[in-house]
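To start, the structure itself, in structure tokens.
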Amino acid sequence: MASNVTFIGAGNMASAIFGGMVHSGYPADAITATATRDATLAPLAERLGIHTTTDNLAAIEHADVVVLSVKPQIMRQVCETLRDSVQKRRPLIVSVAAGLSAETLEQWLGGGLAVVRCMPNTPSLVGAGASGLYANPRVSDEQRALVGELMTSVGIIEWVEDEALLEAVTAVSGSAPAYFFLMFEAMEEAAVKLGLSAESARRLAMQTAYGAASMAMQSDRDPGELKRNVMSPGGTTERAIEYLEQAGLRQALDGAMQACAKRAQEMSAELGKG
Ligand SMILES: NC(=O)C1=CN([C@@H]2O[C@H](COP(=O)(O)OP(=O)(O)OC[C@H]3O[C@@H](n4cnc5c(N)ncnc54)[C@H](OP(=O)(O)O)[C@@H]3O)[C@@H](O)[C@H]2O)C=CC1
Ligand SMILES: O=C(O)[C@@H]1CCC=N1
């Protein structure tokens, strides 16, 4: 029988994960999600057939796995309301929150718990997620395998043994869909200036990104070689790539990813006190 999985919070990230789980065949009947507003929950229940409630305590009563998926800023308050129930039943705790350590979460929930920290991303919704996972020492091999299976049903996973590496995961995958969406916006704007309709430009840019990612994933060549294969000497791509290099695209990405990881550290210091 499938494990009962309860999501506390049913926003962008949680709905991407449980939506992806349902699409990949996980029984909807074994999934419960909570939120503060019925307006969030009603469409999810209708579309996916999962259980929903605004009552967090009722939602975790039969949970084998509790996925904490509220904003980091309200996590402490939410954990403290779950504390007594969690201490009685000791489900596996999974947190998708950025910048909150397993130790902090465990402490807010009363201690002595198996906690997995997961840094997922929203493409989980379409089965193309990329998640980093860290397990605290209380997590059993079976629990590790269970979380691995759940997250593999919505994409690829990478376990890290050093929790601090989740900051790097946040920079390279958790936050990174947004970098690509920014590129789509920018490429569409530029292509419109060159005369294409916005609709054509968007379709072509997205298919090209999809094609490039699929090709790179299936190839045994590294991205640098695949890039050079597009660059005919003296041709158009060479000109574009030279421009991007001179304009500092590499430095911009390096700076963005450093800023992202640093913000995860700051959040940990700001929110994890006490
Ligand atoms: N968005 C992303 O791409 C990623 C997000 N994350 C992490 O996921 C977590 C959630 O982020 P995101 O999904 O973007 O946020 P959202 O604002 O989209 O979702 C938050 C959800 O929490 C619900 N909520 C608020 N208060 C409570 C409460 N007291 N009890 C139960 N549910 C509550 C909200 O309910 P209501 O809808 O009724 O307001 C909403 O459904 C964060 O910790 C973030 O760090 C991690 C990786 C990627
Ligand atoms: O922006 C954020 O803080 C969350 C965590 C990773 C992606 N979104």
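We name chains A, B, ... following the order of the structure tokens; residues begin at 1 in each chain, and ligands are numbered from 1 as shown.
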
Original post:
If you count only C-alpha atoms, which residues fall within 9 Å of range 61-75 of chain A, apart from same-chain ones fewer than 2 positions away, as number ranges by chain?
Top reply: A: 3-11, 13-14, 30-32, 35, 56-59, 77-80, 85-86, 89-100, 105, 108, 147, 267, 271

Using only C-alpha atoms and all ligand atoms, tabulate the residues of chain A lying at most 6 Å from any atom of ligand 2, each with its closest atom pair and that distance in Å to one decimal, by chain and increasing residue number, as JSON lines.
{"residue": "A:Ala98", "atom": "CA", "partner": "ligand 2", "partner_atom_place_in_ligand_line": "5 (C)", "distance": 4.9}
{"residue": "A:Thr170", "atom": "CA", "partner": "ligand 2", "partner_atom_place_in_ligand_line": "6 (C)", "distance": 5.7}
{"residue": "A:Gly174", "atom": "CA", "partner": "ligand 2", "partner_atom_place_in_ligand_line": "6 (C)", "distance": 4.4}
{"residue": "A:Ser175", "atom": "CA", "partner": "ligand 2", "partner_atom_place_in_ligand_line": "7 (C)", "distance": 4.0}

Subject >> Residue contacts of range 131-145 of chain A (7 Å, only C-alpha atoms) excluding same-chain residues fewer than 4 positions away, as number ranges by chain >> reply: A: 102, 113-121, 149, 156-161, 163, 166, 169

Going by DSSP on the backbone, which bits of range 20-247 of chain A are strand (DSSP E or B)? Write them as a compact mmCIF listing (two decimals) with N, CA and C atoms, in the first residue's frame, please.
# COMPACT_ATOMS: atom_id res chain seq x y z
N ILE A 31 -2.69 11.04 -0.85
CA ILE A 31 -2.09 12.38 -0.75
C ILE A 31 -3.09 13.35 -0.11
N THR A 32 -2.62 14.11 0.88
CA THR A 32 -3.43 15.16 1.50
C THR A 32 -2.65 16.46 1.41
N ALA A 33 -3.34 17.55 1.15
CA ALA A 33 -2.67 18.86 1.13
C ALA A 33 -3.48 19.86 1.94
N THR A 34 -2.76 20.76 2.62
CA THR A 34 -3.44 21.80 3.41
C THR A 34 -3.03 23.19 2.92
N HIS A 51 -6.92 14.49 -1.16
CA HIS A 51 -7.65 15.02 -0.01
C HIS A 51 -7.11 16.41 0.30
N THR A 52 -8.01 17.29 0.72
CA THR A 52 -7.56 18.63 1.12
C THR A 52 -8.29 19.05 2.39
N THR A 53 -7.63 19.90 3.17
CA THR A 53 -8.25 20.44 4.37
C THR A 53 -7.47 21.68 4.81
N VAL A 65 4.37 10.36 5.95
CA VAL A 65 5.34 11.39 5.57
C VAL A 65 4.65 12.75 5.63
N VAL A 66 5.27 13.71 6.32
CA VAL A 66 4.73 15.08 6.37
C VAL A 66 5.70 15.98 5.60
N VAL A 67 5.22 16.58 4.52
CA VAL A 67 6.08 17.45 3.71
C VAL A 67 5.77 18.90 4.09
N LEU A 68 6.75 19.55 4.70
CA LEU A 68 6.57 20.94 5.13
C LEU A 68 6.84 21.84 3.93
N LEU A 92 7.88 10.54 9.17
CA LEU A 92 9.07 11.10 8.51
C LEU A 92 8.75 12.54 8.11
N ILE A 93 9.64 13.45 8.46
CA ILE A 93 9.45 14.87 8.10
C ILE A 93 10.31 15.18 6.87
N VAL A 94 9.68 15.77 5.87
CA VAL A 94 10.42 16.25 4.71
C VAL A 94 10.16 17.76 4.61
N SER A 95 11.21 18.54 4.48
CA SER A 95 11.01 19.99 4.30
C SER A 95 11.55 20.42 2.95
N VAL A 115 14.43 13.61 9.67
CA VAL A 115 14.14 14.77 8.81
C VAL A 115 14.94 14.67 7.51
N VAL A 116 14.23 14.80 6.40
CA VAL A 116 14.90 14.92 5.10
C VAL A 116 14.68 16.34 4.61
N ARG A 117 15.76 17.00 4.23
CA ARG A 117 15.60 18.30 3.57
C ARG A 117 15.70 18.08 2.07
N CYS A 118 14.74 18.66 1.38
CA CYS A 118 14.68 18.49 -0.06
C CYS A 118 14.70 19.88 -0.70
N MET A 119 15.54 20.08 -1.69
CA MET A 119 15.47 21.32 -2.47
C MET A 119 15.03 20.95 -3.88
N GLY A 129 11.52 17.57 -12.75
CA GLY A 129 12.14 18.25 -11.62
C GLY A 129 13.59 17.84 -11.43
N ALA A 130 14.30 18.62 -10.62
CA ALA A 130 15.69 18.29 -10.26
C ALA A 130 15.84 18.66 -8.79
N SER A 131 15.96 17.64 -7.94
CA SER A 131 15.95 17.89 -6.49
C SER A 131 17.24 17.43 -5.83
N GLY A 132 17.68 18.22 -4.86
CA GLY A 132 18.76 17.79 -3.98
C GLY A 132 18.15 17.33 -2.67
N LEU A 133 18.73 16.29 -2.07
CA LEU A 133 18.17 15.72 -0.83
C LEU A 133 19.27 15.52 0.20
N TYR A 134 18.92 15.82 1.45
CA TYR A 134 19.84 15.57 2.56
C TYR A 134 19.04 14.90 3.69
N ALA A 135 19.59 13.82 4.25
CA ALA A 135 18.90 13.11 5.33
C ALA A 135 19.67 13.28 6.64
N GLY A 155 11.03 13.59 -11.14
CA GLY A 155 12.26 14.12 -11.76
C GLY A 155 13.50 13.39 -11.30
N ILE A 156 14.65 14.04 -11.44
CA ILE A 156 15.90 13.42 -10.99
C ILE A 156 16.22 13.89 -9.58
N ILE A 157 17.03 13.07 -8.87
CA ILE A 157 17.43 13.47 -7.52
C ILE A 157 18.95 13.33 -7.38
N GLU A 158 19.50 14.12 -6.47
CA GLU A 158 20.90 13.99 -6.07
C GLU A 158 20.93 14.07 -4.55
N TRP A 159 21.44 13.01 -3.90
CA TRP A 159 21.61 13.07 -2.44
C TRP A 159 22.92 13.80 -2.13

**OP:** Return as a ChimeraX atom specification the full set of residues in range 111-215 of chain A whose backbone-based DSSP assignment is alpha helix (DSSP H).
**Re:** /A:141-152,165-169,177-193,198-215

Print the selection's residues with C-alpha atoms to a file, as a tab-separated table (two decimals), in the first residue's frame.
chain	number	residue	atom	x	y	z
A	141	ASP	CA	17.45	3.37	4.85
A	142	GLU	CA	13.77	2.57	4.18
A	143	GLN	CA	12.75	6.20	4.73
A	144	ARG	CA	15.59	7.38	2.50
A	145	ALA	CA	14.45	4.98	-0.20
A	146	LEU	CA	10.84	6.16	0.18
A	147	VAL	CA	11.68	9.86	-0.24
A	148	GLY	CA	14.00	8.97	-3.10
A	149	GLU	CA	11.13	7.13	-4.81
A	150	LEU	CA	8.65	9.97	-4.25
A	151	MET	CA	10.97	12.59	-5.67
A	152	THR	CA	12.17	10.35	-8.51
A	165	LEU	CA	25.65	21.70	-0.27
A	166	LEU	CA	21.88	22.26	-0.48
A	167	GLU	CA	22.79	25.94	-0.89
A	168	ALA	CA	24.62	25.05	-4.11
A	169	VAL	CA	21.64	22.89	-5.16
A	177	PRO	CA	14.07	27.54	-13.56
A	178	ALA	CA	13.62	31.29	-13.08
A	179	TYR	CA	16.95	32.01	-14.80
A	180	PHE	CA	15.75	30.14	-17.88
A	181	PHE	CA	12.33	31.82	-17.78
A	182	LEU	CA	14.16	35.15	-17.73
A	183	MET	CA	16.10	34.04	-20.82
A	184	PHE	CA	12.85	33.14	-22.56
A	185	GLU	CA	11.47	36.61	-21.79
A	186	ALA	CA	14.62	38.29	-23.05
A	187	MET	CA	14.92	36.14	-26.19
A	188	GLU	CA	11.27	36.77	-27.04
A	189	GLU	CA	11.73	40.53	-26.68
A	190	ALA	CA	14.85	40.47	-28.85
A	191	ALA	CA	13.22	38.30	-31.53
A	192	VAL	CA	10.22	40.65	-31.68
A	193	LYS	CA	12.64	43.53	-32.30
A	198	ALA	CA	5.81	37.25	-30.01
A	199	GLU	CA	4.03	33.93	-30.37
A	200	SER	CA	6.45	32.53	-32.96
A	201	ALA	CA	9.43	33.84	-31.02
A	202	ARG	CA	8.25	32.18	-27.81
A	203	ARG	CA	7.61	28.81	-29.49
A	204	LEU	CA	10.98	28.82	-31.22
A	205	ALA	CA	12.93	29.90	-28.12
A	206	MET	CA	11.31	27.31	-25.86
A	207	GLN	CA	11.66	24.46	-28.34
A	208	THR	CA	15.31	25.42	-28.82
A	209	ALA	CA	15.96	25.35	-25.06
A	210	TYR	CA	14.15	22.03	-24.78
A	211	GLY	CA	16.08	20.64	-27.76
A	212	ALA	CA	19.42	21.85	-26.42
A	213	ALA	CA	18.76	20.35	-22.97
A	214	SER	CA	17.52	17.04	-24.43
A	215	MET	CA	20.46	16.83	-26.78

**OP:** Rounded to one decimal place, report the CA of Asp55 in chain A-atom 28 (C, counted along the ligand's line) of ligand 1 distance in Å.
**Re:** 8.8 Å

Subject >> Polymer residues at most 10 Å from Gly20 in chain A, only C-alpha atoms, same-chain spacing of 2 or more positions, as a list in words >> reply: Ala14, Ser15, Ala16, Ile17, Phe18, Val22, His23, Ser24, Gly25, Tyr26, Thr122, Pro123, Ser124, Leu125, Val126, Gly127, Ala128, Gly129, Leu150, Met151, Ser153, Val154 and Gly155 of chain A
